[in-house]
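Peer 1: Here you go, my_file_35.txt (compact mmCIF, C-alpha atoms and all ligand atoms):
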# COMPACT_ATOMS: atom_id res chain seq x y z
CA MET A 84 73.63 124.57 118.78
CA ASP A 85 74.14 127.44 116.37
CA ASN A 86 77.52 126.09 115.75
CA LEU A 87 76.13 122.67 115.01
CA GLN A 88 73.72 124.13 112.51
CA ASP A 89 76.48 126.03 110.78
CA GLN A 90 78.49 122.91 110.50
CA ASP A 91 75.55 121.17 109.11
CA ARG A 92 74.82 123.82 106.57
CA ASN A 93 78.36 123.46 105.32
CA TYR A 94 78.03 119.75 105.37
CA ALA A 95 74.87 119.88 103.30
CA LEU A 96 76.45 122.29 100.82
CA ASN A 97 79.36 119.99 100.28
CA ILE A 98 77.14 117.26 99.05
CA ARG A 99 76.06 117.86 95.51
CA VAL A 100 72.93 117.03 93.57
CA GLY A 101 71.80 114.17 95.75
CA LEU A 102 69.92 113.94 98.91
CA THR A 103 70.86 113.40 102.52
CA ILE A 104 68.15 112.06 104.75
CA TYR A 105 68.72 112.32 108.46
CA PRO A 106 66.97 110.09 110.98
CA SER A 107 64.61 112.85 112.10
CA GLN A 108 63.63 113.55 108.49
CA ASP A 109 63.25 109.87 107.74
CA LYS A 110 60.85 109.56 110.66
CA ALA A 111 58.84 112.59 109.52
CA ILE A 112 58.63 111.24 105.99
CA GLU A 113 57.43 107.89 107.27
CA GLN A 114 54.70 109.61 109.25
CA ALA A 115 53.60 111.70 106.28
CA LEU A 116 53.35 108.61 104.08
CA LEU A 117 51.48 106.68 106.74
CA LEU A 118 49.00 109.52 107.10
CA LEU A 119 48.46 109.58 103.36
CA LYS A 120 47.96 105.82 103.32
CA ASP A 121 45.28 105.99 106.02
CA ARG A 122 43.47 109.07 104.78
CA CYS A 123 43.29 108.19 101.08
CA PRO A 124 43.24 105.24 101.72
CA ALA A 125 46.11 103.99 99.59
CA GLN A 126 47.20 100.41 98.98
CA PHE A 127 50.80 101.15 98.38
CA ILE A 128 53.07 104.20 98.43
CA LEU A 129 56.63 104.55 97.25
CA LEU A 130 58.97 107.51 97.62
CA ALA A 131 62.23 107.65 95.67
CA ASP A 132 64.71 110.34 94.86
CA SER A 133 64.58 111.82 91.40
CA SER A 134 67.49 109.73 90.20
CA GLY A 135 65.64 106.54 91.08
CA GLN A 136 66.92 105.62 94.52
CA LEU A 137 64.33 104.19 96.87
CA ILE A 138 63.70 106.23 100.01
CA SER A 139 60.63 104.79 101.70
CA ILE A 140 57.58 102.62 101.18
CA GLN A 141 54.24 102.18 102.92
CA GLY A 142 51.59 99.50 102.51
CA GLU A 143 51.54 96.00 101.12
CA ARG A 144 54.45 95.46 98.79
CA GLY A 145 53.82 91.74 98.33
CA SER A 146 56.33 90.40 95.83
CA LEU A 147 56.72 93.78 94.16
CA ASP A 148 60.29 94.61 93.09
CA VAL A 149 60.50 98.01 94.77
CA VAL A 150 64.04 98.71 93.61
CA ALA A 151 63.03 98.35 89.98
CA LEU A 152 59.83 100.27 90.60
CA SER A 153 61.80 103.22 92.03
CA ALA A 154 63.95 103.39 88.93
CA LEU A 155 60.88 103.24 86.70
CA VAL A 156 58.91 105.84 88.63
CA ALA A 157 61.84 108.25 88.54
CA GLY A 158 62.26 107.64 84.81
CA ASP A 159 58.55 108.12 84.31
CA VAL A 160 58.42 111.40 86.20
CA ALA A 161 61.58 112.68 84.52
CA ALA A 162 60.19 111.78 81.11
CA SER A 163 56.87 113.46 81.79
CA HIS A 164 58.74 116.51 83.09
CA GLU A 165 60.60 116.71 79.77
CA ILE A 166 57.35 116.24 77.84
CA ALA A 167 55.76 119.05 79.84
CA ALA A 168 58.77 121.30 79.25
CA MET A 169 58.73 120.62 75.51
CA THR A 170 55.01 121.31 75.20
CA ASN A 171 54.97 124.31 77.49
CA GLN A 172 52.99 122.74 80.31
CA LEU A 173 55.58 122.91 82.99
CA ASP A 174 53.96 123.22 86.37
CA SER A 175 55.44 123.09 89.81
CA CYS A 176 53.95 119.69 90.57
CA GLN A 177 53.72 117.30 87.64
CA MET A 178 51.22 114.56 88.25
CA VAL A 179 50.46 111.59 86.05
CA LEU A 180 47.42 109.37 86.54
CA ARG A 181 47.18 105.74 85.49
CA GLU A 182 43.54 104.80 85.71
CA GLY A 183 42.47 101.18 86.11
CA LYS A 184 39.34 99.28 87.11
CA LYS A 185 40.67 97.62 90.24
CA SER A 186 43.14 100.28 91.17
CA SER A 187 44.67 103.50 89.92
CA SER A 188 47.99 105.10 90.52
CA PHE A 189 49.49 108.55 90.58
CA THR A 190 53.10 109.48 90.04
CA CYS A 191 54.30 112.95 90.85
CA GLU A 192 57.25 115.07 91.83
CA ALA A 193 57.76 115.83 95.51
CA GLY A 194 59.86 118.96 95.45
CA LYS A 195 62.88 119.09 93.22
CA TYR A 196 64.57 115.96 94.44
CA MET A 197 61.96 113.30 94.99
CA VAL A 198 59.22 111.37 93.25
CA LEU A 199 56.12 109.83 94.74
CA PHE A 200 54.08 106.84 93.55
CA VAL A 201 50.68 106.14 95.11
CA GLN A 202 48.41 103.24 94.27
CA ILE A 203 44.79 103.53 95.33
CA PRO A 204 41.82 101.15 95.15
CA GLY A 205 39.42 101.66 92.23
CA GLU A 206 36.65 102.99 94.50
CA THR A 207 38.68 105.88 95.94
CA PRO A 208 37.57 109.17 94.35
CA LEU A 209 40.43 110.41 92.20
CA GLY A 210 39.90 114.08 93.02
CA TRP A 211 40.19 113.38 96.72
CA ALA A 212 43.31 111.31 96.27
CA ARG A 213 44.87 113.96 94.07
CA ILE A 214 44.46 116.65 96.72
CA LEU A 215 45.93 114.48 99.47
CA ILE A 216 48.83 113.37 97.31
CA ARG A 217 49.68 116.92 96.32
CA GLU A 218 49.58 117.98 99.96
CA THR A 219 51.82 115.11 100.98
CA ALA A 220 54.27 115.81 98.18
CA GLU A 221 54.62 119.40 99.37
CA LYS A 222 55.00 118.32 102.97
CA ILE A 223 57.76 115.86 102.11
CA ALA A 224 59.63 118.43 100.04
CA GLU A 225 59.51 120.72 103.05
CA ILE A 226 60.78 118.01 105.40
CA VAL A 227 63.96 117.39 103.45
CA ASP A 228 64.57 121.14 103.11
CA ARG A 229 64.71 121.41 106.90
CA LEU A 230 67.99 121.41 108.71
CA PRO A 231 68.63 118.22 110.62
CA ASP A 232 67.99 118.01 114.36
CA PRO A 233 70.96 118.29 116.67
CA GLU A 234 70.33 114.68 117.63
CA ASP A 235 71.08 113.77 114.04
CA HIS A 236 74.69 114.52 114.71
CA LEU A 237 76.26 111.22 114.68
CA ALA A 238 79.50 109.64 114.02
CA ALA A 239 79.41 110.15 110.29
CA GLY A 240 81.82 107.34 109.74
CA LEU A 241 82.28 107.60 106.01
CA ASP A 242 85.63 109.30 106.35
CA ASN A 243 86.77 106.33 108.39
CA MET A 244 85.75 104.00 105.66
CA PRO A 245 88.73 101.90 104.71
CA LEU A 246 88.41 102.25 100.98
CA ASP A 247 91.36 100.43 99.56
CA ALA A 248 91.51 96.81 100.55
CA SER A 249 88.05 96.41 101.96
CA LEU A 250 86.26 97.97 98.99
CA ASP A 251 88.15 95.83 96.53
CA SER A 252 87.43 92.68 98.45
CA ALA A 253 83.77 93.68 98.73
CA ILE A 254 83.61 94.04 94.95
CA ASP A 255 85.52 90.82 94.41
CA SER A 256 83.16 88.96 96.65
CA LEU A 257 80.23 90.04 94.45
CA TRP A 258 81.70 88.08 91.58
CA MET A 259 81.01 84.39 91.28
CA GLY A 260 83.58 83.87 88.54
CA MET B 24 74.26 110.10 95.79
CA GLN B 25 71.75 109.46 98.49
CA ILE B 26 72.51 108.90 102.13
CA ASN B 27 70.03 107.55 104.60
CA TRP B 28 71.53 107.88 108.03
CA ARG B 29 68.87 105.85 109.78
CA LEU B 30 69.43 102.83 107.59
CA ARG B 31 73.09 103.84 107.18
CA GLU B 32 72.83 103.35 103.47
CA LEU B 33 74.77 105.16 100.80
CA THR B 34 73.43 104.87 97.25
CA LEU B 35 75.54 105.81 94.27
CA LYS B 36 74.51 106.04 90.65
CA ILE B 37 76.78 105.05 87.78
CA VAL B 38 75.71 105.53 84.17
CA TYR B 39 77.08 103.57 81.21
CA TYR B 40 77.10 106.01 78.32
CA GLY B 41 78.25 105.72 74.71
CA PRO B 42 77.24 105.42 71.06
CA ALA B 43 74.63 102.99 69.76
CA MET B 44 75.66 99.32 69.82
CA SER B 45 78.92 99.94 71.68
CA GLY B 46 78.10 97.28 74.30
CA LYS B 47 76.60 99.17 77.26
CA THR B 48 73.79 96.70 77.78
CA THR B 49 76.26 93.84 77.33
CA ASN B 50 78.31 95.19 80.25
CA LEU B 51 75.27 95.11 82.53
CA GLU B 52 74.25 91.67 81.30
CA GLN B 53 77.71 90.35 82.12
CA ILE B 54 77.67 91.91 85.57
CA HIS B 55 74.20 90.54 86.17
CA SER B 56 75.22 87.02 85.21
CA HIS B 57 78.40 87.01 87.28
CA VAL B 58 77.16 88.54 90.51
CA ASP B 59 75.72 86.46 93.32
CA PRO B 60 71.90 86.77 92.98
CA LEU B 61 71.64 87.54 96.69
CA LYS B 62 73.68 90.69 96.15
CA ARG B 63 71.93 92.11 93.12
CA SER B 64 68.52 93.10 91.80
CA GLU B 65 67.04 91.73 88.61
CA LEU B 66 68.19 93.37 85.40
CA LEU B 67 65.49 95.76 84.26
CA SER B 68 65.58 96.56 80.54
CA LEU B 69 63.31 98.98 78.74
CA LYS B 70 64.00 97.99 75.17
CA THR B 71 62.54 97.86 71.70
CA ALA B 72 61.40 94.66 70.00
CA GLY B 73 64.84 94.51 68.37
CA ASP B 74 66.66 94.42 71.73
CA ARG B 75 67.89 97.99 71.46
CA THR B 76 67.74 100.07 74.60
CA LEU B 77 64.76 102.41 74.47
CA PHE B 78 65.03 104.18 77.81
CA PHE B 79 67.47 102.46 80.13
CA ASP B 80 68.75 99.24 81.68
CA PHE B 81 69.03 99.13 85.43
CA LEU B 82 70.82 96.90 87.92
CA GLN B 83 71.45 97.45 91.63
CA LEU B 84 74.28 95.83 93.57
CA GLU B 85 74.81 95.68 97.30
CA LEU B 86 78.35 95.82 98.56
CA GLY B 87 77.73 94.72 102.12
CA ARG B 88 78.93 96.73 105.07
CA ILE B 89 82.00 98.88 104.49
CA GLY B 90 83.08 100.86 107.52
CA THR B 91 79.80 101.99 109.07
CA LEU B 92 77.74 102.25 105.91
CA THR B 93 76.18 99.85 103.46
CA PRO B 94 76.83 101.13 99.95
CA LYS B 95 74.45 100.30 97.14
CA ILE B 96 75.61 100.80 93.60
CA GLN B 97 73.06 101.50 90.89
CA LEU B 98 74.04 100.90 87.30
CA TYR B 99 72.13 102.43 84.41
CA THR B 100 72.70 102.38 80.67
CA VAL B 101 71.47 105.01 78.25
CA PRO B 102 70.04 104.31 74.80
CA GLY B 103 72.84 105.05 72.33
CA GLN B 104 70.77 105.68 69.24
CA THR B 105 70.91 109.34 68.26
CA TYR B 106 67.20 110.03 68.36
CA TYR B 107 66.88 109.02 72.02
CA GLU B 108 68.71 112.19 73.02
CA SER B 109 66.10 113.32 75.55
CA CYS B 110 66.04 109.89 77.23
CA ARG B 111 69.82 109.97 77.65
CA LYS B 112 69.61 113.25 79.45
CA VAL B 113 66.91 111.96 81.77
CA VAL B 114 68.97 108.89 82.70
CA LEU B 115 72.15 110.91 83.32
CA LYS B 116 70.42 113.02 85.92
CA GLY B 117 71.98 112.59 89.34
CA ALA B 118 74.90 110.47 88.08
CA ASP B 119 77.84 110.13 90.47
CA GLY B 120 80.06 108.54 87.86
CA VAL B 121 80.08 107.61 84.19
CA VAL B 122 81.49 104.74 82.18
CA PHE B 123 81.90 105.79 78.57
CA VAL B 124 81.74 102.63 76.45
CA VAL B 125 83.64 103.09 73.19
CA ASP B 126 83.02 100.92 70.14
CA SER B 127 86.58 100.23 68.98
CA ASP B 128 85.41 99.24 65.48
CA VAL B 129 87.36 101.55 63.18
CA ASN B 130 84.21 102.35 61.19
CA ARG B 131 82.56 103.74 64.30
CA TRP B 132 85.04 106.50 65.09
CA GLY B 133 82.60 109.27 64.13
CA SER B 134 79.83 107.94 66.39
CA ASN B 135 82.24 107.64 69.31
CA LEU B 136 83.35 111.21 68.93
CA GLU B 137 79.83 112.53 68.58
CA SER B 138 78.64 110.62 71.64
CA TRP B 139 81.64 111.76 73.69
CA LYS B 140 80.83 115.40 72.94
CA ASN B 141 77.18 114.76 73.57
CA LEU B 142 78.02 113.41 77.04
CA PHE B 143 79.72 116.63 78.08
CA LYS B 144 76.92 118.72 76.70
CA HIS B 145 74.43 116.86 78.90
CA LEU B 146 76.66 116.87 81.97
CA GLN B 147 76.91 120.61 81.62
CA SER B 148 73.22 121.20 81.13
CA LEU B 149 72.45 119.00 84.14
CA ARG B 150 75.03 120.93 86.17
CA ILE B 151 76.92 117.78 87.05
CA PRO B 152 80.34 119.05 88.19
CA LEU B 153 82.96 117.58 85.87
CA GLU B 154 85.83 117.85 88.31
CA ARG B 155 83.92 115.81 90.86
CA THR B 156 82.48 113.18 88.56
CA PRO B 157 84.71 110.25 87.64
CA ILE B 158 84.49 109.31 83.97
CA ILE B 159 86.03 105.97 83.06
CA VAL B 160 86.53 105.15 79.39
CA GLN B 161 86.13 101.55 78.28
CA PHE B 162 87.58 100.61 74.89
CA ASN B 163 85.16 97.84 74.09
CA LYS B 164 85.17 95.33 71.22
CA GLN B 165 88.94 95.03 71.28
CA ASP B 166 88.38 91.50 69.99
CA LEU B 167 87.37 92.80 66.55
CA PRO B 168 90.01 92.37 63.84
CA ASN B 169 89.54 95.98 62.76
CA ALA B 170 89.55 97.42 66.28
CA MET B 171 91.35 100.71 66.82
CA SER B 172 94.14 100.43 69.38
CA PRO B 173 93.85 102.07 72.79
CA GLU B 174 96.49 104.62 71.73
CA GLN B 175 94.55 105.56 68.60
CA LEU B 176 91.36 105.86 70.59
CA LYS B 177 92.98 108.02 73.24
CA LYS B 178 94.05 110.40 70.52
CA LEU B 179 90.68 110.35 68.81
CA LEU B 180 88.83 111.34 71.97
CA ASN B 181 91.61 113.60 73.14
CA LEU B 182 91.64 111.91 76.54
CA GLY B 183 93.49 113.59 79.31
CA ASN B 184 93.46 112.10 82.76
CA ASN B 185 90.60 109.73 82.27
CA ALA B 186 91.21 106.19 83.41
CA VAL B 187 90.83 103.73 80.56
CA VAL B 188 90.15 100.00 80.38
CA SER B 189 90.37 97.72 77.34
CA ALA B 190 87.52 95.27 77.04
CA ALA B 191 85.72 92.66 75.05
CA ALA B 192 82.48 92.80 76.99
CA ILE B 193 80.87 90.07 74.97
CA ARG B 194 83.44 87.64 76.40
CA GLY B 195 83.28 89.24 79.83
CA GLU B 196 86.80 90.65 79.45
CA GLY B 197 87.39 94.00 81.12
CA VAL B 198 83.87 94.20 82.50
CA LEU B 199 84.76 93.64 86.13
CA ASP B 200 87.88 95.83 85.85
CA THR B 201 85.77 98.68 84.52
CA PHE B 202 83.16 98.26 87.20
CA LYS B 203 85.78 98.08 89.92
CA LEU B 204 87.56 101.17 88.72
CA VAL B 205 84.45 103.31 88.45
CA THR B 206 83.11 102.13 91.81
CA ARG B 207 86.42 102.81 93.51
CA ASN B 208 86.59 106.31 92.02
CA VAL B 209 83.00 107.13 92.82
CA MET B 210 83.35 105.92 96.42
CA ALA B 211 86.55 107.89 96.85
CA GLN B 212 84.78 110.99 95.55
CA ALA B 213 81.86 110.42 97.92
CA GLN B 214 84.33 110.09 100.75
CA ARG B 215 86.05 113.34 99.80
CA GLU B 216 82.78 115.21 99.61
CA MET B 217 81.68 114.04 103.02
CA ALA B 218 84.96 114.51 104.79
N1 LIG C 301 82.64 91.76 68.85
C1 LIG C 301 82.07 92.25 69.95
N2 LIG C 301 80.75 92.53 69.97
C2 LIG C 301 80.20 93.05 71.10
C3 LIG C 301 80.99 93.29 72.25
N3 LIG C 301 80.18 93.81 73.20
C4 LIG C 301 78.94 93.86 72.66
N4 LIG C 301 78.94 93.40 71.39
C5 LIG C 301 77.80 93.28 70.46
O1 LIG C 301 77.38 94.56 70.06
C6 LIG C 301 75.96 94.58 69.87
C7 LIG C 301 75.34 95.71 70.68
O2 LIG C 301 75.51 95.46 72.07
P1 LIG C 301 74.61 96.17 73.18
O3 LIG C 301 75.19 95.83 74.49
O4 LIG C 301 73.18 95.87 72.96
O5 LIG C 301 74.89 97.68 72.80
P2 LIG C 301 74.31 99.01 73.49
O6 LIG C 301 75.45 99.91 73.66
O7 LIG C 301 73.52 98.67 74.67
O8 LIG C 301 73.37 99.54 72.30
P3 LIG C 301 72.11 100.58 72.43
O9 LIG C 301 71.23 100.06 73.50
O10 LIG C 301 71.44 100.61 71.12
O11 LIG C 301 72.69 101.91 72.75
C8 LIG C 301 75.45 93.21 70.30
O12 LIG C 301 75.27 92.44 69.14
C9 LIG C 301 76.58 92.67 71.14
O13 LIG C 301 76.63 91.27 71.11
C10 LIG C 301 82.39 92.97 72.21
O14 LIG C 301 83.14 93.14 73.16
N5 LIG C 301 82.87 92.49 71.02
MG MG C 302 71.63 99.05 75.22
Could you quickly redo this structure as structure tokens?
Peer 2:
Amino acid sequence: MDNLQDQDRNYALNIRVGLTIYPSQDKAIEQALLLLKDRCPAQFILLADSSGQLISIQGERGSLDVVALSALVAGDVAASHEIAAMTNQLDSCQMVLREGKKSSSFTCEAGKYMVLFVQIPGETPLGWARILIRETAEKIAEIVDRLPDPEDHLAAGLDNMPLDASLDSAIDSLWMG
Amino acid sequence: MQINWRLRELTLKIVYYGPAMSGKTTNLEQIHSHVDPLKRSELLSLKTAGDRTLFFDFLQLELGRIGTLTPKIQLYTVPGQTYYESCRKVVLKGADGVVFVVDSDVNRWGSNLESWKNLFKHLQSLRIPLERTPIIVQFNKQDLPNAMSPEQLKKLLNLGNNAVVSAAAIRGEGVLDTFKLVTRNVMAQAQREMA
């Protein structure tokens, strides 16, 4: 078990900048978002990594383009982070509120590597939502900082990925000519 | 790079960088119009009234299952105009690979050089490891009568080992080759890092 963890630490160190989410972490994140959705209550929640890659959603997405939304939320948070840095307001958890009549939304950082978007109905008290969202953001940051469970050890499989022919044909098959 | 082991998804981010008007957005528009709609997102463009990129363009492609993972490739462009400096940095964050789109127009040599230097400045400040980040150089607008040749451009930018592709993105030429090359390199790098 120790050995496994060592391997994993090395494994995690090898992977730069980005984020690796193991099944146990994914499950914990899902639970944290679900809890936030019920307690707030929130209509819709989206978690992405800070470079704009979707991680998880909760609630009614309807016809919402969640891939595009992830990219926008990450851009939004990154931009407001830069604004805060330039104007000397840098805090550990940047939070931006968009206030509307029918609904409002918060965007904020969740640790260093993730961004959270939460849409709440107009009648939800903003102060209450803010506290819950901040709590959740911290919890999620903590979840991905954890080492993976031993059960997460799986056939990684990427090193068996036949890159050459199969990648090229996958790219070719994207193209319609 | 993001890996979700439960969904067995690998997401990689590629950024099209380069001086103003070099054809970054055109590359994404061409990809968008040639890729099967079932395998791509909509093209998202945050632009000014004059069709210049203000923050970024964004397009996601799904490669289908390769080995045991489903790779998703995210393409971003930066705004080339000089005064959007801070936006460029924001978009570059977390990039796994870069396509540097050169404007081959001979009158644009200074802007190319400036943007090329600017790219490395940002990569450094974002702590993106150069030796592990493929940078493909696309010599775009080769259709122009006053285009600099690939050899001239290589000298201008002092290119070492970077892979280069000649293109006329407006006609779709070289767009797929560039995309293929960068994707291949980025996937190979991901594979090395996980091995
Ligand atoms: N002749 C020629 N023109 C091109 C080519 N590719 C793009 N253009 C033109 O160059 C102009 C700028 O193209 P964009 O793709 O918007 O450039 P960009 O790099 O996204 O510009 P910014 O968003 O301002 O940084 C447009 O008028 C394009 O039609 C090409 O291969 N040849
Ligand atoms: Mg553009």
Peer 1: Show me which residues sit within 7 Å of ligand LIG 301 (chain C) when counting only C-alpha atoms and all ligand atoms, and put them as an NGL selection string.
Peer 2: :B and (41-50 or 74-77 or 101-104 or 163-167 or 190-194)
Peer 1: What residues have an atom no more than 10 Å from (60.7, 112.4, 107.4) in the file's own frame, counting only C-alpha atoms, and can you write them as a ChimeraX atom specification?
Peer 2: /A:104-116,139,222-227,229
Peer 1: Could you take the residues named above and write them with C-alpha atoms, as a short mmCIF file (atom, residue, chain, number, x, y, z; two decimals), in the coordinates of the input?
Peer 2:
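Contents of part34.cif, as written:
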data_model
loop_
_atom_site.label_atom_id
_atom_site.label_comp_id
_atom_site.auth_asym_id
_atom_site.auth_seq_id
_atom_site.Cartn_x
_atom_site.Cartn_y
_atom_site.Cartn_z
CA ILE A 104 68.15 112.06 104.75
CA TYR A 105 68.72 112.32 108.46
CA PRO A 106 66.97 110.09 110.98
CA SER A 107 64.61 112.85 112.10
CA GLN A 108 63.63 113.55 108.49
CA ASP A 109 63.25 109.87 107.74
CA LYS A 110 60.85 109.56 110.66
CA ALA A 111 58.84 112.59 109.52
CA ILE A 112 58.63 111.24 105.99
CA GLU A 113 57.43 107.89 107.27
CA GLN A 114 54.70 109.61 109.25
CA ALA A 115 53.60 111.70 106.28
CA LEU A 116 53.35 108.61 104.08
CA SER A 139 60.63 104.79 101.70
CA LYS A 222 55.00 118.32 102.97
CA ILE A 223 57.76 115.86 102.11
CA ALA A 224 59.63 118.43 100.04
CA GLU A 225 59.51 120.72 103.05
CA ILE A 226 60.78 118.01 105.40
CA VAL A 227 63.96 117.39 103.45
CA ARG A 229 64.71 121.41 106.90
#
Peer 1: Pick from B:Leu69, B:Leu92, B:Val129, B:Met171: nearest to ligand MG 302 (chain C), with only C-alpha atoms and all ligand atoms counted?
Peer 2: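 Closest to ligand MG 302 (chain C) of all the choices is B:Leu69.
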Peer 1: Quick one: pull the distance between CA of Leu179 (chain B) and CA of Asp200 (chain B), Å, one decimal.
Peer 2: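 The value is 22.6 Å.
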Peer 1: Between CA of Lys140 (chain B) and CA of Ile166 (chain A), what is the distance in Å, rounded to a tenth?
Peer 2: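 The value is 24.0 Å.
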Peer 1: I need the residue nearest chain A from this list: B:Gln212, B:Tyr39, B:Lys203, B:Leu142. Use only C-alpha atoms for the distance.
Peer 2: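 Going through B:Gln212, B:Tyr39, B:Lys203, B:Leu142 one by one, the smallest distance to chain A is for B:Lys203.
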Peer 1: At what distance in Å, to one decimal, does CA of Ala170 (chain B) lie from CA of Phe79 (chain B)?
Peer 2: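 About the pair CA of Phe79 (chain B) and CA of Ala170 (chain B): they are 26.5 Å apart.
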Peer 1: So, with only C-alpha atoms as the atoms that count, which of B:Thr93, B:Asn169, B:Thr34, B:Ser64 lies closest to Asp80 (chain B)?
Peer 2: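 The shortest atom-to-atom distance to Asp80 (chain B) comes from B:Ser64.
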Peer 1: If you count all atoms listed in the file, which residues fall within 9 Å of Ser187 (chain A), apart from same-chain ones fewer than 6 positions away, as a ChimeraX atom specification?
Peer 2: /A:180-181,201-205,207,209
Peer 1: Residues of chain B within 6 Å of chain A, counting all atoms listed in the file - could you list those as an MDAnalysis selection string?
Peer 2: chainID B and resid 24:29 57:59 86 90:91 117 214 216 218
Peer 1: Using all atoms listed in the file, pick whichever of B:Leu35, B:Leu51, B:Met210, B:Leu30 has the shortest atom-to-atom distance to ligand MG 302 (chain C).
Peer 2: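 Of B:Leu35, B:Leu51, B:Met210, B:Leu30, the one nearest ligand MG 302 (chain C) is B:Leu51, counting all atoms listed in the file.
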Peer 1: Find the residues near Leu204 (chain B): any atom within 10 Å, counting all atoms listed in the file, skip ones fewer than 2 places away on the same chain, and give them as a PyMOL selection string.
Peer 2: (chain A and resi 251) or (chain B and resi 122+157-159+186-188+199-202+206-210)
Peer 1: May I ask which of the residues B:His145, B:Lys70, B:His55, B:Lys36 is the closest one to ligand MG 302 (chain C), counting only C-alpha atoms and all ligand atoms?
Peer 2: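 Among the listed residues, the smallest separation from ligand MG 302 (chain C) belongs to B:Lys70.
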Peer 1: Which residue, B:Leu182, B:Val38, B:Ile96, B:Leu33, has the smallest gap to ligand MG 302 (chain C) when you use only C-alpha atoms and all ligand atoms?
Peer 2: B:Val38
Peer 1: Complete the atoms of region 199-210 of chain B to N, CA, C and O atoms and put them out as a PDB file, in the frame of the given file.
Peer 2:
ATOM      1  N   LEU B 199      84.577  93.472  84.692  1.00  0.00           N
ATOM      2  CA  LEU B 199      84.760  93.640  86.130  1.00  0.00           C
ATOM      3  C   LEU B 199      85.783  94.748  86.420  1.00  0.00           C
ATOM      4  O   LEU B 199      85.573  95.576  87.310  1.00  0.00           O
ATOM      5  N   ASP B 200      86.860  94.790  85.640  1.00  0.00           N
ATOM      6  CA  ASP B 200      87.880  95.830  85.850  1.00  0.00           C
ATOM      7  C   ASP B 200      87.272  97.220  85.726  1.00  0.00           C
ATOM      8  O   ASP B 200      87.562  98.111  86.513  1.00  0.00           O
ATOM      9  N   THR B 201      86.423  97.381  84.721  1.00  0.00           N
ATOM     10  CA  THR B 201      85.770  98.680  84.520  1.00  0.00           C
ATOM     11  C   THR B 201      84.883  99.018  85.707  1.00  0.00           C
ATOM     12  O   THR B 201      84.939 100.120  86.256  1.00  0.00           O
ATOM     13  N   PHE B 202      84.088  98.041  86.087  1.00  0.00           N
ATOM     14  CA  PHE B 202      83.160  98.260  87.200  1.00  0.00           C
ATOM     15  C   PHE B 202      83.901  98.590  88.494  1.00  0.00           C
ATOM     16  O   PHE B 202      83.519  99.487  89.250  1.00  0.00           O
ATOM     17  N   LYS B 203      84.977  97.857  88.727  1.00  0.00           N
ATOM     18  CA  LYS B 203      85.780  98.080  89.920  1.00  0.00           C
ATOM     19  C   LYS B 203      86.352  99.500  89.948  1.00  0.00           C
ATOM     20  O   LYS B 203      86.287 100.206  90.947  1.00  0.00           O
ATOM     21  N   LEU B 204      86.898  99.878  88.816  1.00  0.00           N
ATOM     22  CA  LEU B 204      87.560 101.170  88.720  1.00  0.00           C
ATOM     23  C   LEU B 204      86.557 102.312  88.941  1.00  0.00           C
ATOM     24  O   LEU B 204      86.821 103.235  89.711  1.00  0.00           O
ATOM     25  N   VAL B 205      85.422 102.215  88.316  1.00  0.00           N
ATOM     26  CA  VAL B 205      84.450 103.310  88.450  1.00  0.00           C
ATOM     27  C   VAL B 205      83.896 103.342  89.877  1.00  0.00           C
ATOM     28  O   VAL B 205      83.751 104.407  90.476  1.00  0.00           O
ATOM     29  N   THR B 206      83.659 102.176  90.455  1.00  0.00           N
ATOM     30  CA  THR B 206      83.110 102.130  91.810  1.00  0.00           C
ATOM     31  C   THR B 206      84.109 102.707  92.819  1.00  0.00           C
ATOM     32  O   THR B 206      83.758 103.509  93.694  1.00  0.00           O
ATOM     33  N   ARG B 207      85.353 102.311  92.664  1.00  0.00           N
ATOM     34  CA  ARG B 207      86.420 102.810  93.510  1.00  0.00           C
ATOM     35  C   ARG B 207      86.503 104.344  93.446  1.00  0.00           C
ATOM     36  O   ARG B 207      86.554 105.014  94.461  1.00  0.00           O
ATOM     37  N   ASN B 208      86.489 104.861  92.213  1.00  0.00           N
ATOM     38  CA  ASN B 208      86.590 106.310  92.020  1.00  0.00           C
ATOM     39  C   ASN B 208      85.380 107.054  92.585  1.00  0.00           C
ATOM     40  O   ASN B 208      85.513 108.107  93.185  1.00  0.00           O
ATOM     41  N   VAL B 209      84.224 106.489  92.361  1.00  0.00           N
ATOM     42  CA  VAL B 209      83.000 107.130  92.820  1.00  0.00           C
ATOM     43  C   VAL B 209      82.936 107.114  94.359  1.00  0.00           C
ATOM     44  O   VAL B 209      82.558 108.106  94.993  1.00  0.00           O
ATOM     45  N   MET B 210      83.338 105.997  94.947  1.00  0.00           N
ATOM     46  CA  MET B 210      83.350 105.920  96.420  1.00  0.00           C
ATOM     47  C   MET B 210      84.366 106.885  97.003  1.00  0.00           C
ATOM     48  O   MET B 210      84.119 107.525  98.021  1.00  0.00           O
TER      49      MET B 210
END
